[in-house]
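Working notes, structure below.
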Amino acid sequence: MKTIQEDSLAPLAQIARHRLLPILTVEDASRVGPLAEAFIGGGLPVVELTLRTPAALESIGRLAARGDVLVGAGTVRTAEQARAAVGAGARFLVTPACSVEVLEWARDHGVPVTPGCVTPSEVELARAHGCGTVKFFPASSFGGAATLRAYAAPLPDVGFIPTGGISFKTLPEYLALGNVVAVGGGWFASPEDIRNGCFGEIEQRVREAVALASPAVV
Ligand code: 3PG
């Protein structure tokens, strides 16, 4: 029988398996059906949906209800947002900053969280709250892959999910790093792509990214 802790860690293990974490901002919850199909079709049934629109919680709920896509909530800045997102069906939380309020809520409720960290001090704060995997954000503005390479020796037990300013072109340099758990970004599907119904293009982009990251998928 699985323990509660094993269940709560499972989402991060799934993200690590795929090595990619698409960040989606959805303005209209009716779009999540074809969007989910595009990600599933492309081979990546894992998404972070940001709490940046009024449609976010309903979109999370619709994705979670499908049962074939792992959905987490992004841009979580308060404990109340964390509670609402998990209530809607989010299985993991992503924060832009190392928010102690959210870290404590997630720890107390057994929900995996990857907090946004830039400096080693923020990484250690996250670790003190039980996080072994953190989001490195905004990656391209804070030294990119070179910074993560420098973190590998002094912070050997920390996994990173770099996001922010990463593109299809720079994806391989992050994937090559041993301390990168997964690479995140909005470049799989912009809000405009979703609004305009470009689901075929999104699926193709997902497929290409999956091919780049696939050696780790077993
Ligand atoms: C995030 O939420 O992590 C960023 O908005 C993703 O950044 P990108 O859109 O530059 O990929």
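Residue names in the structure tokens use chain letters A, B, ... in the order shown, residue numbers from 1 in each chain, and ligand numbers from 1 in the order shown.
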
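Of the residues in segment 63-143 of chain A, those given strand (DSSP E) by DSSP on the backbone are Leu70, Val71, Gly72, Ala73, Gly74, Leu93, Val94, Val113, Thr114, Gly116, Cys117, Thr133, Val134, Lys135 and Phe136 of chain A.
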
Selection export as a JSON list (two decimals), in the first residue's frame, atoms kept: all heavy atoms:
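What landed in result_34.json:
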[["chain", "number", "residue", "atom", "x", "y", "z"],
["A", 70, "LEU", "N", -1.63, 14.88, -16.11],
["A", 70, "LEU", "CA", -1.20, 15.35, -14.80],
["A", 70, "LEU", "C", -1.20, 16.87, -14.84],
["A", 70, "LEU", "O", -0.48, 17.47, -15.65],
["A", 70, "LEU", "CB", 0.20, 14.83, -14.49],
["A", 70, "LEU", "CG", 0.84, 15.39, -13.20],
["A", 70, "LEU", "CD1", 0.07, 14.94, -11.97],
["A", 70, "LEU", "CD2", 2.30, 14.98, -13.12],
["A", 71, "VAL", "N", -2.00, 17.50, -13.98],
["A", 71, "VAL", "CA", -2.08, 18.96, -14.01],
["A", 71, "VAL", "C", -1.68, 19.54, -12.66],
["A", 71, "VAL", "O", -2.09, 19.07, -11.60],
["A", 71, "VAL", "CB", -3.50, 19.44, -14.42],
["A", 71, "VAL", "CG1", -4.58, 18.93, -13.49],
["A", 71, "VAL", "CG2", -3.55, 20.96, -14.50],
["A", 72, "GLY", "N", -0.83, 20.58, -12.75],
["A", 72, "GLY", "CA", -0.45, 21.33, -11.56],
["A", 72, "GLY", "C", -0.81, 22.78, -11.76],
["A", 72, "GLY", "O", -1.14, 23.22, -12.86],
["A", 73, "ALA", "N", -0.74, 23.54, -10.67],
["A", 73, "ALA", "CA", -1.04, 24.97, -10.73],
["A", 73, "ALA", "C", 0.25, 25.77, -10.66],
["A", 73, "ALA", "O", 1.12, 25.49, -9.82],
["A", 73, "ALA", "CB", -1.97, 25.37, -9.59],
["A", 74, "GLY", "N", 0.35, 26.77, -11.54],
["A", 74, "GLY", "CA", 1.51, 27.65, -11.52],
["A", 74, "GLY", "C", 1.12, 29.06, -11.08],
["A", 74, "GLY", "O", -0.07, 29.38, -10.96],
["A", 93, "LEU", "N", 2.19, 22.14, -7.17],
["A", 93, "LEU", "CA", 2.16, 23.60, -7.17],
["A", 93, "LEU", "C", 3.51, 24.13, -7.63],
["A", 93, "LEU", "O", 4.56, 23.56, -7.30],
["A", 93, "LEU", "CB", 1.88, 24.12, -5.75],
["A", 93, "LEU", "CG", 0.59, 23.62, -5.09],
["A", 93, "LEU", "CD1", 0.56, 24.06, -3.61],
["A", 93, "LEU", "CD2", -0.64, 24.17, -5.83],
["A", 94, "VAL", "N", 3.46, 25.22, -8.37],
["A", 94, "VAL", "CA", 4.69, 25.91, -8.80],
["A", 94, "VAL", "C", 4.53, 27.37, -8.42],
["A", 94, "VAL", "O", 3.48, 27.97, -8.67],
["A", 94, "VAL", "CB", 4.90, 25.78, -10.32],
["A", 94, "VAL", "CG1", 6.21, 26.43, -10.73],
["A", 94, "VAL", "CG2", 4.89, 24.31, -10.75],
["A", 113, "VAL", "N", 5.54, 20.84, -4.15],
["A", 113, "VAL", "CA", 5.66, 22.23, -4.62],
["A", 113, "VAL", "C", 7.09, 22.45, -5.11],
["A", 113, "VAL", "O", 8.05, 21.96, -4.51],
["A", 113, "VAL", "CB", 5.31, 23.24, -3.49],
["A", 113, "VAL", "CG1", 6.16, 23.03, -2.25],
["A", 113, "VAL", "CG2", 5.42, 24.68, -3.99],
["A", 114, "THR", "N", 7.21, 23.15, -6.23],
["A", 114, "THR", "CA", 8.53, 23.55, -6.72],
["A", 114, "THR", "C", 8.56, 25.08, -6.66],
["A", 114, "THR", "O", 7.98, 25.75, -7.51],
["A", 114, "THR", "CB", 8.80, 23.04, -8.15],
["A", 114, "THR", "OG1", 7.82, 23.55, -9.03],
["A", 114, "THR", "CG2", 8.77, 21.53, -8.20],
["A", 116, "GLY", "N", 9.92, 28.94, -6.79],
["A", 116, "GLY", "CA", 10.84, 29.71, -7.62],
["A", 116, "GLY", "C", 12.02, 30.20, -6.80],
["A", 116, "GLY", "O", 11.86, 30.85, -5.78],
["A", 117, "CYS", "N", 13.22, 29.85, -7.27],
["A", 117, "CYS", "CA", 14.45, 30.23, -6.58],
["A", 117, "CYS", "C", 15.45, 30.75, -7.62],
["A", 117, "CYS", "O", 15.50, 30.23, -8.74],
["A", 117, "CYS", "CB", 15.09, 29.03, -5.89],
["A", 117, "CYS", "SG", 14.08, 28.29, -4.60],
["A", 133, "THR", "N", 13.39, 19.74, -5.15],
["A", 133, "THR", "CA", 13.33, 20.22, -6.54],
["A", 133, "THR", "C", 12.76, 21.63, -6.52],
["A", 133, "THR", "O", 11.72, 21.88, -5.91],
["A", 133, "THR", "CB", 12.42, 19.32, -7.39],
["A", 133, "THR", "OG1", 12.93, 17.99, -7.37],
["A", 133, "THR", "CG2", 12.37, 19.81, -8.84],
["A", 134, "VAL", "N", 13.47, 22.55, -7.17],
["A", 134, "VAL", "CA", 13.01, 23.94, -7.20],
["A", 134, "VAL", "C", 12.96, 24.43, -8.65],
["A", 134, "VAL", "O", 13.62, 23.88, -9.52],
["A", 134, "VAL", "CB", 13.92, 24.88, -6.36],
["A", 134, "VAL", "CG1", 14.02, 24.40, -4.92],
["A", 134, "VAL", "CG2", 15.30, 25.02, -6.99],
["A", 135, "LYS", "N", 12.18, 25.48, -8.83],
["A", 135, "LYS", "CA", 12.10, 26.13, -10.15],
["A", 135, "LYS", "C", 13.18, 27.22, -10.17],
["A", 135, "LYS", "O", 13.29, 28.00, -9.23],
["A", 135, "LYS", "CB", 10.70, 26.73, -10.28],
["A", 135, "LYS", "CG", 10.51, 27.75, -11.38],
["A", 135, "LYS", "CD", 9.03, 28.13, -11.42],
["A", 135, "LYS", "CE", 8.80, 29.40, -12.22],
["A", 135, "LYS", "NZ", 7.73, 29.25, -13.20],
["A", 136, "PHE", "N", 13.96, 27.25, -11.21],
["A", 136, "PHE", "CA", 14.97, 28.31, -11.38],
["A", 136, "PHE", "C", 14.38, 29.32, -12.34],
["A", 136, "PHE", "O", 14.29, 29.07, -13.54],
["A", 136, "PHE", "CB", 16.27, 27.72, -11.93],
["A", 136, "PHE", "CG", 17.34, 28.73, -12.22],
["A", 136, "PHE", "CD1", 17.71, 29.68, -11.28],
["A", 136, "PHE", "CD2", 17.99, 28.73, -13.44],
["A", 136, "PHE", "CE1", 18.71, 30.61, -11.55],
["A", 136, "PHE", "CE2", 18.98, 29.65, -13.74],
["A", 136, "PHE", "CZ", 19.33, 30.60, -12.79]]

Around ligand 1, which protein and nucleic acid residues have at least one atom no more than 8 Å from it, if we count only C-alpha atoms and all ligand atoms? List them as a PyMOL selection string. chain A and resi 23+50+74-75+96+137-138+163-167+184-187+190

Given the selection you just returned, output its residues as a file containing N, CA and C atoms, formatted as a compact mmCIF listing (two decimals), in the first residue's frame.
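What landed in result36.txt:
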# COMPACT_ATOMS: atom_id res chain seq x y z
N ILE A 23 4.13 25.30 -19.51
CA ILE A 23 3.42 26.27 -18.67
C ILE A 23 2.34 26.92 -19.52
N THR A 50 -1.24 28.13 -15.22
CA THR A 50 -1.02 29.27 -14.33
C THR A 50 -2.32 29.86 -13.81
N GLY A 74 0.35 26.77 -11.54
CA GLY A 74 1.51 27.65 -11.52
C GLY A 74 1.12 29.06 -11.08
N THR A 75 2.13 29.88 -10.85
CA THR A 75 1.92 31.25 -10.39
C THR A 75 1.14 31.27 -9.08
N PRO A 96 6.30 31.41 -8.35
CA PRO A 96 7.34 32.23 -8.98
C PRO A 96 8.42 32.65 -7.98
N PHE A 137 13.95 30.46 -11.78
CA PHE A 137 13.17 31.43 -12.56
C PHE A 137 13.56 32.84 -12.20
N PRO A 138 13.67 33.74 -13.19
CA PRO A 138 13.64 33.50 -14.63
C PRO A 138 15.03 33.13 -15.14
N THR A 163 12.95 27.78 -15.89
CA THR A 163 11.90 28.34 -16.76
C THR A 163 12.16 29.84 -16.91
N GLY A 164 11.59 30.40 -17.93
CA GLY A 164 11.70 31.84 -18.14
C GLY A 164 12.71 32.17 -19.21
N GLY A 165 12.21 32.52 -20.38
CA GLY A 165 13.08 32.91 -21.48
C GLY A 165 13.76 31.76 -22.19
N ILE A 166 13.38 30.53 -21.88
CA ILE A 166 13.96 29.38 -22.57
C ILE A 166 13.19 29.17 -23.87
N SER A 167 13.90 28.75 -24.88
CA SER A 167 13.28 28.52 -26.19
C SER A 167 13.63 27.12 -26.67
N GLY A 184 11.03 23.93 -18.12
CA GLY A 184 9.69 24.46 -18.25
C GLY A 184 9.62 25.67 -19.15
N GLY A 185 8.41 25.99 -19.57
CA GLY A 185 8.26 27.21 -20.35
C GLY A 185 6.91 27.34 -21.01
N GLY A 186 6.66 28.55 -21.45
CA GLY A 186 5.40 28.84 -22.12
C GLY A 186 5.48 28.68 -23.61
N TRP A 187 6.65 28.29 -24.11
CA TRP A 187 6.86 28.25 -25.56
C TRP A 187 6.18 27.07 -26.25
N SER A 190 1.49 29.41 -26.49
CA SER A 190 1.25 30.74 -25.93
C SER A 190 -0.25 30.95 -25.75

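Distances to Pro11 of chain A were evaluated for A:Ala145, A:Ala106, A:Val111, A:Leu212 using only C-alpha atoms, and the minimum falls at A:Val111.
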
Please list as a ChimeraX atom specification every residue within 12 Å of Glu104 of chain A, counting only C-alpha atoms and excluding residues in the same chain fewer than 2 positions away. /A:78-80,82-83,98-102,106-113,115,125-131

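Using only C-alpha atoms for every distance, the candidate list A:Ala36, A:Ala10, A:Ala85, A:Leu21 yields A:Ala36 as the residue closest to Gly200 of chain A.
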
Please give the complete set of residues from segment 6-216 of chain A that DSSP, run on the backbone, assigns to alpha helix (DSSP H), formatted as a PyMOL selection string. chain A and resi 6-18+32-42+56-66+79-88+100-109+120-128+144-151+171-175+191-195+199-213

Leaving out Glu203 of chain A and any residue of its chain fewer than 4 positions from it, which residues lie within 6 Å of it when counting only C-alpha atoms, given as a PyMOL selection string? chain A and resi 38-39+42

Segment 191-195 of chain A environment, 9 Å, only C-alpha atoms, sequence neighbours closer than 6 positions dropped, as a PDB file with N, CA, C and O atoms, in the first residue's frame:
ATOM      1  N   LEU A  24       1.094  26.692 -19.130  1.00  0.00           N
ATOM      2  CA  LEU A  24      -0.031  27.151 -19.948  1.00  0.00           C
ATOM      3  C   LEU A  24      -0.838  28.221 -19.231  1.00  0.00           C
ATOM      4  O   LEU A  24      -1.096  28.102 -18.028  1.00  0.00           O
ATOM      5  N   THR A  25      -1.235  29.228 -19.980  1.00  0.00           N
ATOM      6  CA  THR A  25      -2.144  30.251 -19.463  1.00  0.00           C
ATOM      7  C   THR A  25      -3.387  30.213 -20.330  1.00  0.00           C
ATOM      8  O   THR A  25      -3.335  30.511 -21.529  1.00  0.00           O
ATOM      9  N   VAL A  26      -4.488  29.794 -19.714  1.00  0.00           N
ATOM     10  CA  VAL A  26      -5.729  29.551 -20.458  1.00  0.00           C
ATOM     11  C   VAL A  26      -6.759  30.620 -20.106  1.00  0.00           C
ATOM     12  O   VAL A  26      -7.042  30.867 -18.936  1.00  0.00           O
ATOM     13  N   GLU A  27      -7.311  31.236 -21.128  1.00  0.00           N
ATOM     14  CA  GLU A  27      -8.300  32.314 -20.922  1.00  0.00           C
ATOM     15  C   GLU A  27      -9.732  31.815 -21.014  1.00  0.00           C
ATOM     16  O   GLU A  27     -10.654  32.509 -20.590  1.00  0.00           O
ATOM     17  N   ASP A  28      -9.908  30.633 -21.595  1.00  0.00           N
ATOM     18  CA  ASP A  28     -11.247  30.101 -21.839  1.00  0.00           C
ATOM     19  C   ASP A  28     -11.216  28.598 -21.550  1.00  0.00           C
ATOM     20  O   ASP A  28     -10.560  27.837 -22.263  1.00  0.00           O
ATOM     21  N   ARG A  31     -11.314  25.575 -23.919  1.00  0.00           N
ATOM     22  CA  ARG A  31     -10.164  25.219 -24.771  1.00  0.00           C
ATOM     23  C   ARG A  31      -9.370  24.032 -24.228  1.00  0.00           C
ATOM     24  O   ARG A  31      -8.487  23.501 -24.926  1.00  0.00           O
ATOM     25  N   VAL A  32      -9.602  23.647 -22.975  1.00  0.00           N
ATOM     26  CA  VAL A  32      -8.697  22.651 -22.388  1.00  0.00           C
ATOM     27  C   VAL A  32      -8.855  21.262 -23.007  1.00  0.00           C
ATOM     28  O   VAL A  32      -7.902  20.483 -22.993  1.00  0.00           O
ATOM     29  N   LEU A  35      -6.718  21.206 -26.113  1.00  0.00           N
ATOM     30  CA  LEU A  35      -5.357  21.446 -25.635  1.00  0.00           C
ATOM     31  C   LEU A  35      -4.776  20.169 -25.016  1.00  0.00           C
ATOM     32  O   LEU A  35      -3.636  19.769 -25.301  1.00  0.00           O
ATOM     33  N   GLU A 201      -0.368  22.873 -34.398  1.00  0.00           N
ATOM     34  CA  GLU A 201       0.993  23.400 -34.233  1.00  0.00           C
ATOM     35  C   GLU A 201       1.517  23.117 -32.839  1.00  0.00           C
ATOM     36  O   GLU A 201       2.694  22.793 -32.654  1.00  0.00           O
ATOM     37  N   ILE A 202       0.652  23.251 -31.853  1.00  0.00           N
ATOM     38  CA  ILE A 202       1.069  22.961 -30.476  1.00  0.00           C
ATOM     39  C   ILE A 202       1.501  21.497 -30.371  1.00  0.00           C
ATOM     40  O   ILE A 202       2.556  21.176 -29.820  1.00  0.00           O
TER      41      ILE A 202
END

From atom CA of Pro45 of chain A to atom CA of Ala90 of chain A the spacing works out at 13.8 Å

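Pairwise distance (atom CA of Val76 of chain A, atom CA of Thr95 of chain A) equals 4.8 Å.
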
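What separates atom CA of Gly159 of chain A from atom CA of Leu63 of chain A is a distance of 26.5 Å.
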
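In this comparison, which uses only C-alpha atoms, the residue of A:Gly197, A:Ala176, A:Ser141, A:Phe160 approaching Ser30 of chain A most closely is A:Gly197.
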
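Nearest-residue note for Thr53 of chain A: choosing from A:Ala213, A:Leu175, A:Ala29, A:Ala13, the minimum distance belongs to A:Ala29, counting only C-alpha atoms.
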